[in-house]
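Chemist: What follows is the file final15.cif, containing mmCIF, C-alpha atoms:
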data_final
loop_
_atom_site.group_PDB
_atom_site.id
_atom_site.type_symbol
_atom_site.label_atom_id
_atom_site.label_comp_id
_atom_site.auth_asym_id
_atom_site.auth_seq_id
_atom_site.Cartn_x
_atom_site.Cartn_y
_atom_site.Cartn_z
ATOM 1 C CA MET A 1 -3.897 -42.668 1.672
ATOM 2 C CA SER A 2 -5.683 -42.640 -1.652
ATOM 3 C CA ASP A 3 -4.190 -44.605 -4.531
ATOM 4 C CA GLU A 4 -4.507 -41.772 -7.003
ATOM 5 C CA ASN A 5 -1.697 -39.311 -6.369
ATOM 6 C CA ARG A 6 -2.597 -35.641 -6.138
ATOM 7 C CA LYS A 7 -1.312 -33.699 -9.165
ATOM 8 C CA ILE A 8 -0.656 -30.028 -9.599
ATOM 9 C CA ALA A 9 0.344 -28.157 -12.755
ATOM 10 C CA PHE A 10 1.726 -24.654 -13.026
ATOM 11 C CA ILE A 11 1.589 -22.472 -16.126
ATOM 12 C CA CYS A 12 4.431 -19.941 -15.975
ATOM 13 C CA SER A 13 3.703 -17.103 -18.379
ATOM 14 C CA LYS A 14 5.797 -14.290 -16.882
ATOM 15 C CA GLY A 15 9.502 -13.648 -17.087
ATOM 16 C CA ASP A 16 9.855 -11.045 -14.350
ATOM 17 C CA LEU A 17 12.089 -12.095 -11.486
ATOM 18 C CA ASP A 18 9.280 -11.888 -8.949
ATOM 19 C CA MET A 19 6.945 -13.926 -11.146
ATOM 20 C CA ALA A 20 9.428 -16.786 -11.485
ATOM 21 C CA TYR A 21 9.324 -17.602 -7.801
ATOM 22 C CA PRO A 22 5.681 -18.554 -7.097
ATOM 23 C CA ALA A 23 5.856 -21.768 -9.147
ATOM 24 C CA LEU A 24 9.304 -22.575 -7.783
ATOM 25 C CA VAL A 25 8.235 -22.171 -4.159
ATOM 26 C CA MET A 26 4.865 -23.885 -4.489
ATOM 27 C CA GLY A 27 6.184 -26.594 -6.810
ATOM 28 C CA TRP A 28 8.948 -27.425 -4.359
ATOM 29 C CA ALA A 29 6.449 -27.517 -1.491
ATOM 30 C CA ALA A 30 4.208 -29.809 -3.534
ATOM 31 C CA LEU A 31 7.063 -32.225 -4.256
ATOM 32 C CA GLY A 32 7.993 -32.188 -0.577
ATOM 33 C CA ASN A 33 4.431 -33.219 0.234
ATOM 34 C CA GLY A 34 4.393 -36.034 -2.310
ATOM 35 C CA ILE A 35 2.330 -34.263 -4.977
ATOM 36 C CA ASP A 36 3.163 -34.764 -8.678
ATOM 37 C CA VAL A 37 4.310 -31.524 -10.307
ATOM 38 C CA THR A 38 4.170 -30.467 -13.960
ATOM 39 C CA ILE A 39 5.263 -27.017 -15.116
ATOM 40 C CA PHE A 40 4.395 -25.565 -18.517
ATOM 41 C CA PHE A 41 6.428 -22.544 -19.584
ATOM 42 C CA THR A 42 4.874 -20.174 -22.073
ATOM 43 C CA PHE A 43 5.414 -16.683 -23.460
ATOM 44 C CA TRP A 44 7.746 -14.623 -21.245
ATOM 45 C CA GLY A 45 7.818 -17.515 -18.772
ATOM 46 C CA MET A 46 10.091 -19.259 -21.298
ATOM 47 C CA ASP A 47 12.908 -17.141 -19.837
ATOM 48 C CA ILE A 48 12.800 -19.257 -16.670
ATOM 49 C CA ILE A 49 14.029 -22.300 -18.636
ATOM 50 C CA ASN A 50 16.205 -20.407 -21.113
ATOM 51 C CA LYS A 51 19.901 -21.097 -20.404
ATOM 52 C CA LYS A 52 20.925 -17.600 -21.411
ATOM 53 C CA ARG A 53 18.103 -15.811 -19.619
ATOM 54 C CA GLN A 54 17.214 -17.644 -16.422
ATOM 55 C CA ASN A 55 19.840 -15.996 -14.254
ATOM 56 C CA HIS A 56 19.193 -12.568 -15.725
ATOM 57 C CA LEU A 57 15.523 -12.165 -14.884
ATOM 58 C CA GLU A 58 14.719 -8.626 -13.851
ATOM 59 C CA LEU A 59 12.231 -6.597 -11.932
ATOM 60 C CA SER A 60 11.287 -3.146 -13.161
ATOM 61 C CA PRO A 61 10.054 -0.685 -10.524
ATOM 62 C CA ILE A 62 7.406 0.503 -13.006
ATOM 63 C CA THR A 63 3.996 -1.073 -12.260
ATOM 64 C CA LYS A 64 5.301 -2.692 -9.078
ATOM 65 C CA THR A 65 3.099 -0.509 -6.938
ATOM 66 C CA SER A 66 3.697 -2.574 -3.811
ATOM 67 C CA MET A 67 7.433 -2.011 -3.982
ATOM 68 C CA LYS A 68 7.756 0.938 -1.642
ATOM 69 C CA MET A 69 10.950 2.739 -0.711
ATOM 70 C CA SER A 70 10.333 1.625 2.874
ATOM 71 C CA LEU A 71 11.265 -1.914 1.731
ATOM 72 C CA MET A 72 14.780 -0.563 1.398
ATOM 73 C CA GLY A 73 14.782 0.550 5.003
ATOM 74 C CA LEU A 74 13.892 4.183 4.330
ATOM 75 C CA PRO A 75 11.424 5.893 6.702
ATOM 76 C CA THR A 76 9.137 6.843 3.817
ATOM 77 C CA GLY A 77 5.944 4.981 4.748
ATOM 78 C CA ASN A 78 3.713 4.383 1.773
ATOM 79 C CA LEU A 79 5.737 6.423 -0.685
ATOM 80 C CA GLY A 80 6.529 4.459 -3.805
ATOM 81 C CA ILE A 81 9.550 4.712 -6.048
ATOM 82 C CA PRO A 82 8.657 7.767 -8.153
ATOM 83 C CA ASN A 83 7.912 6.732 -11.725
ATOM 84 C CA PHE A 84 10.163 9.457 -13.074
ATOM 85 C CA LEU A 85 13.087 7.749 -11.307
ATOM 86 C CA SER A 86 12.152 4.441 -12.893
ATOM 87 C CA ILE A 87 13.128 5.702 -16.308
ATOM 88 C CA LEU A 88 16.705 6.393 -15.234
ATOM 89 C CA PRO A 89 19.265 3.997 -16.659
ATOM 90 C CA GLY A 90 20.189 1.435 -14.028
ATOM 91 C CA MET A 91 16.929 1.562 -12.061
ATOM 92 C CA THR A 92 15.773 -1.860 -13.248
ATOM 93 C CA ALA A 93 19.219 -3.251 -12.502
ATOM 94 C CA PHE A 94 19.019 -1.731 -9.043
ATOM 95 C CA THR A 95 15.547 -3.068 -8.191
ATOM 96 C CA SER A 96 16.501 -6.489 -9.625
ATOM 97 C CA TRP A 97 19.628 -6.564 -7.481
ATOM 98 C CA PHE A 98 17.611 -5.489 -4.476
ATOM 99 C CA MET A 99 14.964 -8.178 -4.952
ATOM 100 C CA LYS A 100 17.663 -10.852 -5.407
ATOM 101 C CA LYS A 101 19.135 -9.707 -2.122
ATOM 102 C CA LYS A 102 15.752 -9.991 -0.363
ATOM 103 C CA ILE A 103 15.245 -13.456 -1.867
ATOM 104 C CA ALA A 104 18.682 -14.586 -0.667
ATOM 105 C CA GLU A 105 17.911 -13.259 2.808
ATOM 106 C CA VAL A 106 15.180 -15.877 3.235
ATOM 107 C CA HIS A 107 17.626 -18.538 1.991
ATOM 108 C CA ALA A 108 15.790 -19.107 -1.261
ATOM 109 C CA PRO A 109 18.197 -20.096 -4.036
ATOM 110 C CA PRO A 110 18.606 -18.331 -7.386
ATOM 111 C CA VAL A 111 16.268 -19.370 -10.208
ATOM 112 C CA ASP A 112 18.646 -21.851 -11.892
ATOM 113 C CA GLU A 113 19.411 -23.721 -8.696
ATOM 114 C CA TYR A 114 15.783 -23.710 -7.579
ATOM 115 C CA LEU A 115 14.602 -25.137 -10.887
ATOM 116 C CA GLU A 116 17.292 -27.811 -10.733
ATOM 117 C CA MET A 117 16.030 -28.804 -7.277
ATOM 118 C CA LEU A 118 12.530 -29.227 -8.673
ATOM 119 C CA VAL A 119 13.818 -31.357 -11.550
ATOM 120 C CA ASP A 120 15.814 -33.501 -9.123
ATOM 121 C CA GLY A 121 12.691 -33.806 -6.995
ATOM 122 C CA GLY A 122 10.781 -35.199 -9.969
ATOM 123 C CA ALA A 123 8.991 -32.203 -11.519
ATOM 124 C CA ASP A 124 8.163 -32.509 -15.232
ATOM 125 C CA LEU A 125 8.972 -29.387 -17.244
ATOM 126 C CA TYR A 126 7.604 -28.551 -20.686
ATOM 127 C CA ALA A 127 8.076 -25.649 -23.082
ATOM 128 C CA CYS A 128 5.208 -24.174 -25.079
ATOM 129 C CA LYS A 129 5.359 -24.910 -28.805
ATOM 130 C CA MET A 130 3.748 -21.692 -29.967
ATOM 131 C CA SER A 131 6.138 -19.610 -27.867
ATOM 132 C CA ALA A 132 9.144 -21.643 -28.995
ATOM 133 C CA ASP A 133 8.134 -21.088 -32.647
ATOM 134 C CA MET A 134 7.479 -17.418 -32.035
ATOM 135 C CA PHE A 135 10.834 -16.797 -30.354
ATOM 136 C CA GLY A 136 12.722 -19.167 -32.666
ATOM 137 C CA GLN A 137 13.834 -21.457 -29.855
ATOM 138 C CA THR A 138 14.679 -25.159 -29.813
ATOM 139 C CA MET A 139 15.385 -27.670 -27.032
ATOM 140 C CA ASP A 140 19.040 -26.541 -27.217
ATOM 141 C CA ASP A 141 18.019 -23.217 -25.685
ATOM 142 C CA TYR A 142 16.592 -24.820 -22.580
ATOM 143 C CA VAL A 143 18.163 -26.047 -19.371
ATOM 144 C CA GLU A 144 18.370 -29.714 -18.495
ATOM 145 C CA GLY A 145 15.150 -31.110 -17.159
ATOM 146 C CA VAL A 146 12.888 -29.630 -19.823
ATOM 147 C CA GLN A 147 11.437 -32.771 -21.349
ATOM 148 C CA ASP A 148 9.865 -31.568 -24.542
ATOM 149 C CA ILE A 149 8.266 -28.752 -26.498
ATOM 150 C CA VAL A 150 4.539 -29.425 -26.455
ATOM 151 C CA THR A 151 1.319 -27.867 -27.713
ATOM 152 C CA ALA A 152 -1.366 -26.439 -25.468
ATOM 153 C CA GLY A 153 -3.474 -29.478 -26.359
ATOM 154 C CA ASP A 154 -0.693 -31.843 -25.247
ATOM 155 C CA PHE A 155 -0.523 -29.968 -21.968
ATOM 156 C CA MET A 156 -4.269 -30.410 -21.461
ATOM 157 C CA ASP A 157 -3.915 -34.154 -22.085
ATOM 158 C CA MET A 158 -1.013 -34.599 -19.710
ATOM 159 C CA THR A 159 -2.631 -32.649 -16.877
ATOM 160 C CA GLU A 160 -5.926 -34.486 -16.760
ATOM 161 C CA GLY A 161 -7.099 -34.543 -13.159
ATOM 162 C CA ALA A 162 -4.462 -32.032 -12.042
ATOM 163 C CA GLN A 163 -5.069 -28.798 -10.206
ATOM 164 C CA ILE A 164 -3.871 -26.007 -12.474
ATOM 165 C CA VAL A 165 -2.261 -22.789 -11.305
ATOM 166 C CA PHE A 166 -1.732 -19.982 -13.815
ATOM 167 C CA ILE A 167 1.036 -17.536 -13.026
ATOM 168 C CA MET B 168 3.250 -56.011 19.489
ATOM 169 C CA SER B 169 4.041 -52.656 18.069
ATOM 170 C CA ALA B 170 5.709 -49.973 20.161
ATOM 171 C CA LEU B 171 3.861 -47.363 18.088
ATOM 172 C CA GLU B 172 0.543 -48.405 19.560
ATOM 173 C CA ASN B 173 1.607 -47.163 22.970
ATOM 174 C CA VAL B 174 2.613 -43.623 22.035
ATOM 175 C CA ALA B 175 0.375 -40.624 21.554
ATOM 176 C CA ARG B 176 0.329 -39.129 18.047
ATOM 177 C CA ASN B 177 -1.622 -36.352 16.390
ATOM 178 C CA GLU B 178 -4.061 -36.884 13.529
ATOM 179 C CA GLU B 179 -1.251 -36.587 10.960
ATOM 180 C CA GLY B 180 0.859 -39.200 12.698
ATOM 181 C CA PHE B 181 3.402 -36.889 14.338
ATOM 182 C CA LEU B 182 4.461 -37.857 17.851
ATOM 183 C CA ALA B 183 2.529 -35.852 20.429
ATOM 184 C CA ASN B 184 5.557 -35.858 22.678
ATOM 185 C CA PRO B 185 8.881 -35.714 20.802
ATOM 186 C CA ALA B 186 10.616 -37.134 23.876
ATOM 187 C CA ASP B 187 8.903 -40.471 23.117
ATOM 188 C CA TRP B 188 11.072 -40.925 20.027
ATOM 189 C CA THR B 189 13.295 -43.997 19.789
ATOM 190 C CA LYS B 190 15.100 -45.644 16.876
ATOM 191 C CA GLU B 191 12.617 -48.505 17.016
ATOM 192 C CA LEU B 192 9.704 -46.114 16.712
ATOM 193 C CA ALA B 193 11.449 -44.424 13.791
ATOM 194 C CA LEU B 194 11.571 -47.728 11.943
ATOM 195 C CA GLU B 195 7.912 -48.433 12.604
ATOM 196 C CA ILE B 196 6.858 -44.990 11.429
ATOM 197 C CA ALA B 197 9.041 -45.429 8.324
ATOM 198 C CA GLN B 198 7.381 -48.742 7.528
ATOM 199 C CA GLU B 199 3.988 -47.164 7.970
ATOM 200 C CA ALA B 200 5.102 -44.496 5.455
ATOM 201 C CA GLY B 201 6.124 -47.160 2.947
ATOM 202 C CA ILE B 202 9.847 -47.327 3.664
ATOM 203 C CA ALA B 203 10.684 -50.962 4.409
ATOM 204 C CA ALA B 204 14.081 -50.512 6.056
ATOM 205 C CA LEU B 205 16.209 -47.647 7.307
ATOM 206 C CA THR B 206 19.706 -47.727 5.798
ATOM 207 C CA ASP B 207 22.770 -45.743 6.859
ATOM 208 C CA GLU B 208 21.795 -43.167 4.245
ATOM 209 C CA HIS B 209 18.381 -42.769 5.864
ATOM 210 C CA TRP B 210 20.006 -42.417 9.262
ATOM 211 C CA LYS B 211 22.364 -39.748 7.969
ATOM 212 C CA VAL B 212 19.290 -37.671 7.127
ATOM 213 C CA ILE B 213 17.395 -38.523 10.320
ATOM 214 C CA ASP B 214 20.367 -37.849 12.596
ATOM 215 C CA PHE B 215 21.078 -34.554 10.865
ATOM 216 C CA SER B 216 17.445 -33.503 11.154
ATOM 217 C CA ARG B 217 17.286 -34.300 14.847
ATOM 218 C CA ALA B 218 20.525 -32.459 15.573
ATOM 219 C CA ASN B 219 19.350 -29.513 13.495
ATOM 220 C CA ALA B 220 16.003 -29.391 15.296
ATOM 221 C CA GLU B 221 17.758 -29.427 18.625
ATOM 222 C CA ASP B 222 19.602 -26.248 17.640
ATOM 223 C CA SER B 223 16.814 -24.432 15.825
ATOM 224 C CA GLY B 224 13.728 -25.786 17.567
ATOM 225 C CA ALA B 225 12.093 -26.807 14.291
ATOM 226 C CA ALA B 226 12.391 -29.622 11.763
ATOM 227 C CA PRO B 227 14.753 -28.658 8.915
ATOM 228 C CA THR B 228 13.429 -27.880 5.451
ATOM 229 C CA LEU B 229 14.462 -30.089 2.525
ATOM 230 C CA ARG B 230 17.070 -27.624 1.354
ATOM 231 C CA GLN B 231 18.533 -27.370 4.839
ATOM 232 C CA ILE B 232 18.837 -31.166 4.779
ATOM 233 C CA THR B 233 20.427 -31.420 1.336
ATOM 234 C CA LYS B 234 22.905 -28.650 2.166
ATOM 235 C CA GLY B 235 23.526 -29.553 5.790
ATOM 236 C CA ALA B 236 23.705 -33.337 5.556
ATOM 237 C CA ASP B 237 25.286 -33.199 2.094
ATOM 238 C CA VAL B 238 22.647 -35.435 0.516
ATOM 239 C CA PRO B 239 21.773 -34.667 -3.129
ATOM 240 C CA THR B 240 18.123 -33.746 -3.766
ATOM 241 C CA LYS B 241 17.678 -36.756 -6.050
ATOM 242 C CA ASP B 242 18.872 -39.113 -3.322
ATOM 243 C CA LEU B 243 16.674 -37.499 -0.684
ATOM 244 C CA PHE B 244 13.593 -38.045 -2.873
ATOM 245 C CA LYS B 245 14.657 -41.665 -3.475
ATOM 246 C CA LEU B 246 15.277 -42.361 0.201
ATOM 247 C CA PHE B 247 11.971 -40.832 1.293
ATOM 248 C CA PRO B 248 9.729 -41.150 -1.765
ATOM 249 C CA LYS B 249 6.441 -39.314 -2.186
ATOM 250 C CA GLY B 250 6.759 -36.455 0.220
ATOM 251 C CA PRO B 251 10.186 -36.314 1.857
ATOM 252 C CA ALA B 252 9.449 -33.058 3.725
ATOM 253 C CA LYS B 253 6.767 -34.630 5.857
ATOM 254 C CA LYS B 254 8.220 -38.140 5.944
ATOM 255 C CA VAL B 255 11.621 -37.117 7.262
ATOM 256 C CA ALA B 256 9.996 -35.036 10.016
ATOM 257 C CA LEU B 257 7.601 -37.856 10.911
ATOM 258 C CA ILE B 258 10.308 -40.502 11.108
ATOM 259 C CA ALA B 259 12.719 -38.222 12.966
ATOM 260 C CA GLY B 260 10.030 -37.567 15.570
ATOM 261 C CA LEU B 261 9.885 -33.836 14.833
ATOM 262 C CA GLY B 262 7.081 -31.449 13.936
ATOM 263 C CA LYS B 263 6.384 -30.191 10.423
ATOM 264 C CA PRO B 264 9.207 -28.153 8.876
ATOM 265 C CA GLU B 265 8.625 -24.449 9.449
ATOM 266 C CA GLY B 266 10.038 -23.131 6.213
ATOM 267 C CA CYS B 267 9.240 -23.148 2.519
ATOM 268 C CA VAL B 268 12.543 -23.977 0.867
#
Go through the file and emit its structure as structure tokens.

Modeler:
Amino acid sequence: MSDENRKIAFICSKGDLDMAYPALVMGWAALGNGIDVTIFFTFWGMDIINKKRQNHLELSPITKTSMKMSLMGLPTGNLGIPNFLSILPGMTAFTSWFMKKKIAEVHAPPVDEYLEMLVDGGADLYACKMSADMFGQTMDDYVEGVQDIVTAGDFMDMTEGAQIVFI
Amino acid sequence: MSALENVARNEEGFLANPADWTKELALEIAQEAGIAALTDEHWKVIDFSRANAEDSGAAPTLRQITKGADVPTKDLFKLFPKGPAKKVALIAGLGKPEGCV
């Protein structure tokens, strides 16, 4: 075993439901393997730590070209969800509900619970200062476990030697 | 004389033959992994993991342990610091957990 602990840092820049999970899954796996984890939330990724938003992340069928109707058990092969259907009210709610169901089927917890597990496992969470200023947010907007609002430069300092994953 | 010296293990330290597992071996593997002593709390996790593996055929994931053995995540990471997923499986004489959560 080397003395220097392996470190990994994730930059979460997306607020779509499906883009919240990669850092949660890989961060949790890293903690389980004894790797130090830091997560920096920026831009739309700020929704993942926002108390009011984190359990309302959504997934629009528009631009999700891999989300085929066959995922829903229909015998439609490679046919996607027609874009004209995506503009109907309720479609985003439907696809978000559907993806949450698929996530629950593999026993993965909802975003709030998952993030709490990572915090309990020792992950360090930080919010991006520029995004916080832009959206008018303060530490009061964020869930427990977010340690501070930091600049991009601070993040670079604190992740020296870490492997960085941008999501 | 260490009992561990007489059992076959793979390059990551997992027992080659899970049937070799004993409580004494568990303690030696734990010490090797930096855990000086196994308390009742450790055993709660180890016993749960072994029972779970007997049913499912695979070592439980961390979330299966916290939910199933009713051990908070924080405690699990304190009991088995720096990599509980692998350490629990190693000490319990099981293979690597076959799940991501």

Chemist: Compute the set of chain A residues within 12 Å of chain B, using all atoms listed in the file, and express it as a ChimeraX atom specification.

Modeler: /A:1,5-7,21-22,24-37,103-104,106-110,113-123

Chemist: Give me a file of those residues, with C-alpha atoms, as an mmCIF file, in the frame of the given file.

Modeler:
data_model
loop_
_atom_site.group_PDB
_atom_site.id
_atom_site.type_symbol
_atom_site.label_atom_id
_atom_site.label_comp_id
_atom_site.auth_asym_id
_atom_site.auth_seq_id
_atom_site.Cartn_x
_atom_site.Cartn_y
_atom_site.Cartn_z
ATOM 1 C CA MET A 1 -3.897 -42.668 1.672
ATOM 2 C CA ASN A 5 -1.697 -39.311 -6.369
ATOM 3 C CA ARG A 6 -2.597 -35.641 -6.138
ATOM 4 C CA LYS A 7 -1.312 -33.699 -9.165
ATOM 5 C CA TYR A 21 9.324 -17.602 -7.801
ATOM 6 C CA PRO A 22 5.681 -18.554 -7.097
ATOM 7 C CA LEU A 24 9.304 -22.575 -7.783
ATOM 8 C CA VAL A 25 8.235 -22.171 -4.159
ATOM 9 C CA MET A 26 4.865 -23.885 -4.489
ATOM 10 C CA GLY A 27 6.184 -26.594 -6.810
ATOM 11 C CA TRP A 28 8.948 -27.425 -4.359
ATOM 12 C CA ALA A 29 6.449 -27.517 -1.491
ATOM 13 C CA ALA A 30 4.208 -29.809 -3.534
ATOM 14 C CA LEU A 31 7.063 -32.225 -4.256
ATOM 15 C CA GLY A 32 7.993 -32.188 -0.577
ATOM 16 C CA ASN A 33 4.431 -33.219 0.234
ATOM 17 C CA GLY A 34 4.393 -36.034 -2.310
ATOM 18 C CA ILE A 35 2.330 -34.263 -4.977
ATOM 19 C CA ASP A 36 3.163 -34.764 -8.678
ATOM 20 C CA VAL A 37 4.310 -31.524 -10.307
ATOM 21 C CA ILE A 103 15.245 -13.456 -1.867
ATOM 22 C CA ALA A 104 18.682 -14.586 -0.667
ATOM 23 C CA VAL A 106 15.180 -15.877 3.235
ATOM 24 C CA HIS A 107 17.626 -18.538 1.991
ATOM 25 C CA ALA A 108 15.790 -19.107 -1.261
ATOM 26 C CA PRO A 109 18.197 -20.096 -4.036
ATOM 27 C CA PRO A 110 18.606 -18.331 -7.386
ATOM 28 C CA GLU A 113 19.411 -23.721 -8.696
ATOM 29 C CA TYR A 114 15.783 -23.710 -7.579
ATOM 30 C CA LEU A 115 14.602 -25.137 -10.887
ATOM 31 C CA GLU A 116 17.292 -27.811 -10.733
ATOM 32 C CA MET A 117 16.030 -28.804 -7.277
ATOM 33 C CA LEU A 118 12.530 -29.227 -8.673
ATOM 34 C CA VAL A 119 13.818 -31.357 -11.550
ATOM 35 C CA ASP A 120 15.814 -33.501 -9.123
ATOM 36 C CA GLY A 121 12.691 -33.806 -6.995
ATOM 37 C CA GLY A 122 10.781 -35.199 -9.969
ATOM 38 C CA ALA A 123 8.991 -32.203 -11.519
#

Chemist: Please list, as a PDB file with C-alpha atoms, in the coordinates of the input, the residues that have an atom at most 6 Å away from (5.7, -25.7, -16.7) in the coordinates of this file, counting all atoms listed in the file.

Modeler:
ATOM      1  CA  PHE A  10       1.726 -24.654 -13.026  1.00  0.00           C
ATOM      2  CA  ILE A  11       1.589 -22.472 -16.126  1.00  0.00           C
ATOM      3  CA  CYS A  12       4.431 -19.941 -15.975  1.00  0.00           C
ATOM      4  CA  THR A  38       4.170 -30.467 -13.960  1.00  0.00           C
ATOM      5  CA  ILE A  39       5.263 -27.017 -15.116  1.00  0.00           C
ATOM      6  CA  PHE A  40       4.395 -25.565 -18.517  1.00  0.00           C
ATOM      7  CA  PHE A  41       6.428 -22.544 -19.584  1.00  0.00           C
ATOM      8  CA  LEU A 125       8.972 -29.387 -17.244  1.00  0.00           C
ATOM      9  CA  TYR A 126       7.604 -28.551 -20.686  1.00  0.00           C
TER      10      TYR A 126
END

Chemist: Given only C-alpha atoms as the basis, pick out the residue of B:Glu265, B:Asn173, B:Ala259, B:Lys190 nearest to Ile213 of chain B.

Modeler: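 So, comparing all the options, the nearest one is B:Ala259.
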
Chemist: Under the PyMOL selection byres ((chain B and resi 196) around 10), which residues of this model are included? Write them out as a list in words.

Modeler: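 Selection result, ordered by chain and number: Leu171, Gly180, Phe181, Leu182, Lys190, Glu191, Leu192, Ala193, Leu194, Glu195, Ala197, Gln198, Glu199, Ala200, Gly201, Ile202, Ala203, Lys254, Leu257, Ile258, Ala259 and Gly260 of chain B.
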
Chemist: Hey, can you check how far atom CA of Ala220 of chain B sits from atom CA of Trp188 of chain B?

Modeler: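 Computing it gives 13.4 Å between the two atoms.
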